[in-house]
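Source file: start-v3.txt; contents: compact mmCIF, C-alpha atoms and all ligand atoms.
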```txt
# COMPACT_ATOMS: atom_id res chain seq x y z
CA MET G 1 -56.26 -44.50 -123.83
CA ARG G 2 -53.46 -42.09 -123.01
CA LYS G 3 -50.03 -43.40 -124.01
CA PRO G 4 -47.63 -43.33 -121.03
CA ILE G 5 -44.65 -41.04 -121.50
CA ILE G 6 -41.33 -41.03 -119.66
CA ILE G 7 -39.20 -37.92 -120.22
CA GLY G 8 -35.63 -37.43 -119.07
CA ASN G 9 -34.69 -33.85 -118.21
CA TRP G 10 -30.90 -33.79 -118.29
CA LYS G 11 -30.81 -30.24 -116.92
CA MET G 12 -27.27 -28.76 -117.08
CA ASN G 13 -25.39 -32.05 -116.93
CA LYS G 14 -22.94 -34.09 -119.05
CA THR G 15 -20.13 -33.18 -121.40
CA LEU G 16 -20.68 -34.05 -125.07
CA ASP G 17 -18.71 -37.30 -124.75
CA GLU G 18 -20.65 -38.30 -121.64
CA ALA G 19 -23.91 -37.46 -123.39
CA LYS G 20 -23.06 -39.72 -126.34
CA ILE G 21 -22.11 -42.57 -124.02
CA LEU G 22 -25.37 -42.21 -122.10
CA ILE G 23 -27.38 -42.39 -125.34
CA SER G 24 -25.51 -45.40 -126.67
CA ASN G 25 -25.98 -47.19 -123.33
CA ILE G 26 -29.72 -46.45 -123.41
CA LEU G 27 -29.92 -47.73 -126.99
CA SER G 28 -28.13 -50.95 -126.09
CA GLN G 29 -31.06 -51.97 -123.88
CA LYS G 30 -34.45 -53.29 -124.91
CA LEU G 31 -37.09 -50.61 -124.38
CA ASP G 32 -40.85 -51.01 -124.03
CA ASN G 33 -42.49 -49.92 -127.30
CA SER G 34 -45.78 -49.12 -125.64
CA VAL G 35 -44.19 -46.27 -123.69
CA GLU G 36 -43.29 -42.94 -125.33
CA LYS G 37 -39.77 -41.90 -124.35
CA VAL G 38 -38.03 -38.57 -124.71
CA VAL G 39 -34.66 -37.05 -123.77
CA CYS G 40 -34.57 -33.30 -123.12
CA VAL G 41 -30.94 -32.41 -123.66
CA PRO G 42 -28.90 -29.18 -123.44
CA TYR G 43 -29.42 -27.09 -126.63
CA ILE G 44 -25.80 -27.38 -127.63
CA TYR G 45 -26.01 -31.18 -128.01
CA VAL G 46 -29.21 -31.29 -130.03
CA THR G 47 -27.72 -32.00 -133.47
CA GLU G 48 -25.27 -34.62 -132.20
CA ILE G 49 -27.91 -36.43 -130.15
CA LYS G 50 -30.38 -36.31 -133.03
CA LYS G 51 -27.95 -38.28 -135.22
CA LEU G 52 -27.78 -40.98 -132.55
CA ILE G 53 -31.49 -41.33 -131.75
CA ASP G 54 -33.08 -40.80 -135.17
CA GLY G 55 -35.26 -43.79 -136.02
CA THR G 56 -34.82 -45.43 -132.60
CA GLY G 57 -38.17 -44.44 -131.12
CA ILE G 58 -36.64 -42.00 -128.65
CA GLY G 59 -37.93 -38.44 -129.06
CA LEU G 60 -35.77 -35.33 -128.91
CA GLY G 61 -36.57 -32.41 -126.62
CA VAL G 62 -34.99 -29.38 -124.97
CA GLN G 63 -35.52 -27.68 -121.63
CA ASN G 64 -36.57 -24.15 -122.54
CA MET G 65 -36.91 -21.71 -125.46
CA PHE G 66 -37.78 -18.08 -126.12
CA TYR G 67 -41.16 -17.14 -127.61
CA GLU G 68 -40.04 -14.99 -130.55
CA ASN G 69 -38.98 -16.62 -133.81
CA SER G 70 -35.97 -14.37 -134.45
CA GLY G 71 -34.49 -11.00 -133.58
CA ALA G 72 -32.19 -9.17 -131.20
CA TYR G 73 -32.45 -11.47 -128.18
CA THR G 74 -28.85 -12.24 -127.33
CA GLY G 75 -28.33 -15.72 -125.98
CA GLU G 76 -31.84 -17.01 -126.67
CA ILE G 77 -33.04 -19.93 -128.79
CA SER G 78 -36.25 -19.73 -130.84
CA PRO G 79 -38.96 -22.25 -131.74
CA ILE G 80 -38.06 -22.18 -135.45
CA MET G 81 -34.42 -22.82 -134.63
CA LEU G 82 -35.44 -25.86 -132.60
CA LYS G 83 -37.69 -27.11 -135.41
CA SER G 84 -34.89 -26.67 -137.93
CA CYS G 85 -32.68 -28.93 -135.80
CA GLY G 86 -35.32 -31.67 -135.54
CA VAL G 87 -36.47 -31.01 -131.98
CA SER G 88 -40.01 -32.17 -131.18
CA TYR G 89 -40.59 -31.45 -127.47
CA VAL G 90 -39.83 -28.50 -125.20
CA ILE G 91 -40.07 -28.27 -121.41
CA LEU G 92 -41.63 -24.92 -120.44
CA GLY G 93 -42.03 -23.26 -117.06
CA HIS G 94 -39.83 -25.66 -115.09
CA SER G 95 -39.64 -24.51 -111.47
CA GLU G 96 -35.90 -23.94 -111.87
CA ARG G 97 -36.68 -21.49 -114.69
CA ARG G 98 -39.39 -19.83 -112.60
CA THR G 99 -37.32 -19.48 -109.43
CA ILE G 100 -33.73 -18.97 -110.67
CA PHE G 101 -34.48 -17.13 -113.93
CA ASN G 102 -37.63 -15.29 -112.82
CA GLU G 103 -39.94 -16.70 -115.49
CA THR G 104 -43.53 -15.60 -115.00
CA ASP G 105 -46.82 -17.29 -115.94
CA ASP G 106 -47.21 -14.63 -118.64
CA MET G 107 -43.86 -15.49 -120.25
CA ILE G 108 -44.64 -19.19 -119.99
CA ASN G 109 -48.02 -18.62 -121.65
CA LYS G 110 -46.27 -16.87 -124.57
CA LYS G 111 -43.85 -19.79 -124.83
CA VAL G 112 -46.64 -22.40 -124.82
CA LYS G 113 -48.39 -20.51 -127.64
CA ALA G 114 -45.15 -20.15 -129.63
CA ALA G 115 -44.36 -23.84 -129.22
CA LEU G 116 -47.80 -24.90 -130.49
CA GLN G 117 -47.64 -22.46 -133.41
CA ASN G 118 -44.38 -24.12 -134.45
CA ASN G 119 -45.53 -27.70 -133.99
CA LEU G 120 -43.39 -28.31 -130.93
CA ILE G 121 -44.96 -30.33 -128.10
CA PRO G 122 -44.88 -28.25 -124.91
CA ILE G 123 -44.26 -30.00 -121.61
CA LEU G 124 -45.78 -27.44 -119.28
CA CYS G 125 -44.54 -27.65 -115.69
CA CYS G 126 -46.38 -26.56 -112.58
CA GLY G 127 -46.01 -27.21 -108.88
CA GLU G 128 -45.96 -25.62 -105.45
CA SER G 129 -43.15 -24.85 -103.01
CA LEU G 130 -42.91 -26.42 -99.55
CA GLU G 131 -44.12 -23.21 -97.87
CA GLU G 132 -47.13 -23.13 -100.18
CA ARG G 133 -47.97 -26.75 -99.40
CA ASN G 134 -47.48 -26.27 -95.67
CA SER G 135 -49.83 -23.33 -95.70
CA GLY G 136 -52.47 -25.33 -97.61
CA ALA G 137 -52.18 -23.17 -100.73
CA GLU G 138 -50.90 -25.86 -103.11
CA LYS G 139 -54.08 -26.22 -105.15
CA ASP G 140 -54.56 -22.45 -105.48
CA VAL G 141 -50.98 -22.12 -106.72
CA VAL G 142 -51.26 -24.92 -109.27
CA LYS G 143 -54.66 -23.68 -110.47
CA ARG G 144 -53.25 -20.19 -111.01
CA GLN G 145 -50.23 -21.56 -112.89
CA ILE G 146 -52.40 -23.76 -115.14
CA ASN G 147 -55.01 -21.11 -115.87
CA ASN G 148 -52.44 -18.41 -116.62
CA SER G 149 -50.07 -20.58 -118.62
CA LEU G 150 -52.85 -21.97 -120.80
CA PHE G 151 -54.63 -18.66 -121.35
CA GLY G 152 -55.85 -18.49 -124.96
CA ILE G 153 -54.95 -22.10 -125.80
CA SER G 154 -57.79 -23.63 -127.84
CA LYS G 155 -59.58 -26.96 -127.56
CA SER G 156 -57.82 -28.27 -130.63
CA GLU G 157 -54.41 -27.34 -129.21
CA ILE G 158 -54.77 -28.57 -125.64
CA GLU G 159 -54.62 -32.24 -126.63
CA LYS G 160 -51.03 -31.72 -127.81
CA VAL G 161 -49.89 -30.21 -124.51
CA ILE G 162 -48.24 -32.43 -121.89
CA ILE G 163 -48.52 -31.18 -118.33
CA ALA G 164 -45.99 -32.10 -115.65
CA TYR G 165 -46.87 -31.66 -112.00
CA GLU G 166 -43.58 -31.21 -110.16
CA PRO G 167 -43.86 -30.14 -106.52
CA ILE G 168 -40.72 -28.07 -105.91
CA TRP G 169 -40.04 -29.73 -102.55
CA ALA G 170 -39.76 -33.13 -104.28
CA ILE G 171 -37.26 -32.08 -106.97
CA GLY G 172 -33.77 -33.45 -106.43
CA THR G 173 -34.47 -33.97 -102.74
CA GLY G 174 -35.24 -37.69 -102.66
CA LEU G 175 -38.63 -36.73 -101.20
CA THR G 176 -41.27 -38.05 -103.60
CA ALA G 177 -44.86 -37.00 -103.20
CA SER G 178 -46.79 -40.10 -102.14
CA SER G 179 -48.55 -41.66 -105.10
CA GLU G 180 -51.84 -40.66 -103.42
CA ASP G 181 -50.83 -36.99 -103.12
CA ALA G 182 -49.52 -36.97 -106.70
CA GLU G 183 -52.74 -38.56 -107.98
CA ASP G 184 -54.84 -36.13 -105.95
CA MET G 185 -53.16 -33.09 -107.51
CA ILE G 186 -53.08 -34.54 -111.02
CA LYS G 187 -56.77 -35.40 -110.81
CA PHE G 188 -57.35 -31.80 -109.67
CA ILE G 189 -55.41 -30.53 -112.72
CA ARG G 190 -57.59 -32.68 -114.97
CA GLU G 191 -60.67 -31.13 -113.36
CA ILE G 192 -59.33 -27.64 -114.08
CA LEU G 193 -58.84 -28.69 -117.71
CA LYS G 194 -62.34 -30.19 -117.80
CA ASP G 195 -63.82 -26.87 -116.64
CA ILE G 196 -62.07 -25.08 -119.50
CA TYR G 197 -62.05 -27.67 -122.28
CA GLY G 198 -64.70 -30.28 -121.43
CA GLU G 199 -64.29 -33.96 -122.25
CA ILE G 200 -61.09 -33.45 -124.24
CA SER G 201 -59.34 -33.05 -120.87
CA PHE G 202 -59.40 -36.85 -120.59
CA LYS G 203 -57.04 -37.01 -123.56
CA VAL G 204 -54.40 -34.68 -122.07
CA ARG G 205 -51.38 -36.42 -120.61
CA ILE G 206 -50.34 -35.31 -117.15
CA GLN G 207 -47.05 -36.48 -115.68
CA TYR G 208 -45.60 -36.47 -112.20
CA GLY G 209 -42.03 -35.27 -111.56
CA GLY G 210 -39.90 -35.09 -108.42
CA SER G 211 -37.46 -37.79 -107.31
CA VAL G 212 -38.98 -40.46 -109.57
CA LYS G 213 -36.83 -43.58 -109.25
CA PRO G 214 -37.09 -47.24 -110.29
CA ASN G 215 -38.39 -48.07 -106.79
CA ASN G 216 -41.38 -45.70 -106.89
CA ILE G 217 -42.36 -45.57 -110.59
CA LYS G 218 -44.73 -48.57 -110.52
CA ASP G 219 -46.71 -47.17 -107.64
CA LEU G 220 -47.07 -43.80 -109.37
CA MET G 221 -47.96 -45.27 -112.76
CA GLN G 222 -50.72 -47.43 -111.27
CA LYS G 223 -52.72 -44.32 -110.49
CA GLU G 224 -55.61 -43.56 -112.80
CA ASN G 225 -54.64 -40.00 -113.73
CA ILE G 226 -50.83 -40.24 -113.80
CA ASP G 227 -49.68 -40.72 -117.38
CA GLY G 228 -45.93 -40.64 -117.02
CA ALA G 229 -42.91 -39.15 -115.33
CA LEU G 230 -40.61 -36.18 -115.86
CA VAL G 231 -37.31 -37.40 -114.49
CA GLY G 232 -34.17 -35.53 -113.41
CA GLY G 233 -31.50 -37.42 -111.48
CA ALA G 234 -32.52 -40.94 -112.49
CA CYS G 235 -32.30 -40.14 -116.22
CA LEU G 236 -28.59 -39.37 -116.05
CA GLU G 237 -27.72 -43.03 -115.76
CA SER G 238 -28.80 -45.49 -118.46
CA THR G 239 -29.76 -48.38 -116.16
CA SER G 240 -32.16 -46.35 -114.04
CA PHE G 241 -33.61 -44.44 -117.02
CA CYS G 242 -34.27 -47.71 -118.88
CA GLU G 243 -35.82 -49.25 -115.76
CA LEU G 244 -38.22 -46.30 -115.62
CA ILE G 245 -39.15 -46.72 -119.30
CA ASN G 246 -39.62 -50.45 -118.72
CA TYR G 247 -41.69 -50.01 -115.55
CA LYS G 248 -44.34 -52.41 -116.88
CA ILE G 249 -41.95 -55.24 -117.61
P1 LIG E 1 -35.43 -35.15 -109.96
O1 LIG E 1 -35.96 -36.39 -110.62
O2 LIG E 1 -33.93 -35.10 -109.91
O3 LIG E 1 -36.09 -34.89 -108.64
O4 LIG E 1 -35.84 -33.90 -110.90
C1 LIG E 1 -37.14 -33.75 -111.30
C2 LIG E 1 -37.21 -32.68 -112.31
O5 LIG E 1 -37.03 -31.51 -112.00
C3 LIG E 1 -37.48 -33.04 -113.72
O6 LIG E 1 -37.79 -31.94 -114.49
```

Here is the file; what I need is its structure written in the form of structure tokens.
Amino acid sequence: MRKPIIIGNWKMNKTLDEAKILISNILSQKLDNSVEKVVCVPYIYVTEIKKLIDGTGIGLGVQNMFYENSGAYTGEISPIMLKSCGVSYVILGHSERRTIFNETDDMINKKVKAALQNNLIPILCCGESLEERNSGAEKDVVKRQINNSLFGISKSEIEKVIIAYEPIWAIGTGLTASSEDAEDMIKFIREILKDIYGEISFKVRIQYGGSVKPNNIKDLMQKENIDGALVGGACLESTSFCELINYKI
């Protein structure tokens, strides 16, 4: 059985005070223990947020990292720095990083490898643009992203990787992929993994992301291959984030 996982991607939002209030509001609510829950916060808040969530069952993540451990890379953050601050998860290859900051599959592959080498859990994002979907290329695009980003990742490592399918046209737009379309692509991703890794692919968790809200989470989570959600907008408010975590209740 794959444990469901709900991850909040705060993106570039909240001041430090607002961030602390959000965490204390989340912690004031009862949260389903059978669901893994993670907040991916801006780097600069990591140590403060860690103090608040340590021992609460909420995991700590960030939204990016560089693939070298140290050196002359002005402005970057390394895997060992993240580890030394108690970070456990890292989102890699988010479409905003790919499109705004020109990240390539090759860079993302290096990041996935560096995360695994440093015992960080990578949350590897993939997903097509609207033009790619409209031209019928969505599966080719996602297959290329998955194959390239996971190049050289071994059977023993793949189980630790979380994959998030986030169609770009559904991010922040209020347009969610239908649960059928999301399931169709996520099942396809599992088949790609099966071709590379065999039966272990059934242990890999694959999330959906893109306008996940309390009113569509149940429908998505009922699907056989969807193991969780990577959430933007709805994680910035404690009530909606907790409703997502408690989707079973
Ligand atoms: P929204 O939930 O705001 O659509 O964002 C999704 C996302 O990009 C999470 O990484």

Wanna dump the chain G-ligand LIG 1 (chain E) contacts at 9 Å for me, each residue with its shortest atom pair and the distance in Å to one decimal, counting all atoms listed in the file, ordered by chain and number, as a Markdown table?
```
| residue | atom | partner | partner_atom | distance |
| --- | --- | --- | --- | --- |
| G:Ile7 | CA | E:LIG1 | C3 | 8.3 |
| G:Gly8 | CA | E:LIG1 | C3 | 7.2 |
| G:Asn9 | CA | E:LIG1 | O6 | 5.2 |
| G:Trp10 | CA | E:LIG1 | C3 | 8.0 |
| G:Lys11 | CA | E:LIG1 | O6 | 7.6 |
| G:Gln63 | CA | E:LIG1 | O6 | 8.6 |
| G:Ile91 | CA | E:LIG1 | O6 | 8.2 |
| G:His94 | CA | E:LIG1 | O6 | 6.6 |
| G:Ser95 | CA | E:LIG1 | O5 | 7.5 |
| G:Glu96 | CA | E:LIG1 | O5 | 7.7 |
| G:Cys125 | CA | E:LIG1 | O6 | 8.1 |
| G:Ala164 | CA | E:LIG1 | O6 | 8.3 |
| G:Glu166 | CA | E:LIG1 | O5 | 6.8 |
| G:Pro167 | CA | E:LIG1 | O5 | 8.9 |
| G:Ile168 | CA | E:LIG1 | O5 | 7.9 |
| G:Trp169 | CA | E:LIG1 | O3 | 8.9 |
| G:Ala170 | CA | E:LIG1 | O3 | 6.0 |
| G:Ile171 | CA | E:LIG1 | O3 | 3.5 |
| G:Gly172 | CA | E:LIG1 | O3 | 3.5 |
| G:Thr173 | CA | E:LIG1 | O3 | 6.2 |
| G:Gly174 | CA | E:LIG1 | O3 | 6.7 |
| G:Leu175 | CA | E:LIG1 | O3 | 8.1 |
| G:Thr176 | CA | E:LIG1 | O3 | 7.9 |
| G:Tyr208 | CA | E:LIG1 | C1 | 8.9 |
| G:Gly209 | CA | E:LIG1 | C1 | 5.1 |
| G:Gly210 | CA | E:LIG1 | O3 | 3.8 |
| G:Ser211 | CA | E:LIG1 | O3 | 3.5 |
| G:Val212 | CA | E:LIG1 | O1 | 5.2 |
| G:Lys213 | CA | E:LIG1 | O1 | 7.4 |
| G:Ala229 | CA | E:LIG1 | C3 | 8.3 |
| G:Leu230 | CA | E:LIG1 | C3 | 4.9 |
| G:Val231 | CA | E:LIG1 | O1 | 4.2 |
| G:Gly232 | CA | E:LIG1 | O1 | 3.4 |
| G:Gly233 | CA | E:LIG1 | O2 | 3.7 |
| G:Ala234 | CA | E:LIG1 | O1 | 6.0 |
| G:Cys235 | CA | E:LIG1 | O1 | 7.7 |
```

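Of the residues listed (G:Asn69, G:Ser84, G:Asn13, G:Ser240), G:Ser84 shows the shortest atom-to-atom separation from Thr47 of chain G; distances use all atoms listed in the file.
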
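Going from atom CA of Val87 of chain G to atom CA of Lys20 of chain G covers 17.0 Å.
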
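For the atom pair formed by atom CA of Ser178 of chain G and atom CA of Cys126 of chain G, the distance is 17.1 Å, given to one decimal.
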
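The coordinates place atom CA of Ile158 of chain G at 8.0 Å from atom CA of Ser201 of chain G.
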
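Counting only C-alpha atoms, the residue from G:Val62, G:Leu22, G:Met1, G:Leu193 that sits nearest to Ile77 of chain G is G:Val62.
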
Worksheet entry | Residues within 12 Å of Cys85 of chain G, all atoms listed in the file, excluding chain neighbours under 2 positions, as a list in words | Tyr43, Ile44, Tyr45, Val46, Thr47, Glu48, Ile49, Lys50, Lys51, Asp54, Leu60, Gly61, Val62, Ile77, Ser78, Pro79, Ile80, Met81, Leu82, Lys83, Val87, Ser88, Tyr89 and Leu120 of chain G

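The residue that comes closest to Glu18 of chain G, out of G:Ala137, G:Ile186, G:Ile245, G:Leu236 and on the basis of all atoms listed in the file, is G:Leu236.
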
Give as a PDB file with C-alpha atoms, in the coordinates of the input the set of residues within 12 Å of the point (-54.8, -15.9, -123.1), where distances use the file's coordinates and only C-alpha atoms.
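As written to disk, result-v6.pdb reads:
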```
ATOM      1  CA  ASP G 105     -46.820 -17.290-115.940  1.00  0.00           C
ATOM      2  CA  ASP G 106     -47.210 -14.630-118.640  1.00  0.00           C
ATOM      3  CA  MET G 107     -43.860 -15.490-120.250  1.00  0.00           C
ATOM      4  CA  ILE G 108     -44.640 -19.190-119.990  1.00  0.00           C
ATOM      5  CA  ASN G 109     -48.020 -18.620-121.650  1.00  0.00           C
ATOM      6  CA  LYS G 110     -46.270 -16.870-124.570  1.00  0.00           C
ATOM      7  CA  LYS G 111     -43.850 -19.790-124.830  1.00  0.00           C
ATOM      8  CA  VAL G 112     -46.640 -22.400-124.820  1.00  0.00           C
ATOM      9  CA  LYS G 113     -48.390 -20.510-127.640  1.00  0.00           C
ATOM     10  CA  ILE G 146     -52.400 -23.760-115.140  1.00  0.00           C
ATOM     11  CA  ASN G 147     -55.010 -21.110-115.870  1.00  0.00           C
ATOM     12  CA  ASN G 148     -52.440 -18.410-116.620  1.00  0.00           C
ATOM     13  CA  SER G 149     -50.070 -20.580-118.620  1.00  0.00           C
ATOM     14  CA  LEU G 150     -52.850 -21.970-120.800  1.00  0.00           C
ATOM     15  CA  PHE G 151     -54.630 -18.660-121.350  1.00  0.00           C
ATOM     16  CA  GLY G 152     -55.850 -18.490-124.960  1.00  0.00           C
ATOM     17  CA  ILE G 153     -54.950 -22.100-125.800  1.00  0.00           C
ATOM     18  CA  SER G 154     -57.790 -23.630-127.840  1.00  0.00           C
TER      19      SER G 154
END
```

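Neighbouring residues of Ile192 of chain G at 12 Å or closer, counting all atoms listed in the file and skipping chain neighbours under 4 positions away, are Lys139, Asp140, Val142, Lys143, Arg144, Gln145, Ile146, Asn147, Asn148, Leu150, Met185, Ile186, Lys187, Phe188, Ile196, Tyr197, Gly198, Glu199, Ile200, Ser201, Phe202 and Val204 of chain G.
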
Practice prompt. Do a neighbour search on Met221 of chain G at 10 Å with all atoms listed in the file, toss out local chain neighbours closer than 5 positions, and write the hits as an MDAnalysis selection string.
Written response: chainID G and resid 4 179 183 207:208 216 226:229 247:248

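Of the listed residues G:Asn225, G:Leu244, G:Val90, G:Glu237, the one whose atoms come nearest to Ala19 of chain G is G:Glu237, with distances taken using all atoms listed in the file.
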
Listed atoms of segment 102-108 of chain G boxed along x, y and z, 4 Å each side, centre and edge lengths in Å, one decimal, as lines of an AutoDock Vina configuration file:
```
center_x = -42.4
center_y = -16.9
center_z = -116.5
size_x = 17.6
size_y = 12.6
size_z = 15.4
```

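Remark: for Ser70 of chain G, the closest of the candidate residues G:Leu124, G:Ala114, G:Val141, G:Val161 is G:Ala114 (distances computed over only C-alpha atoms).
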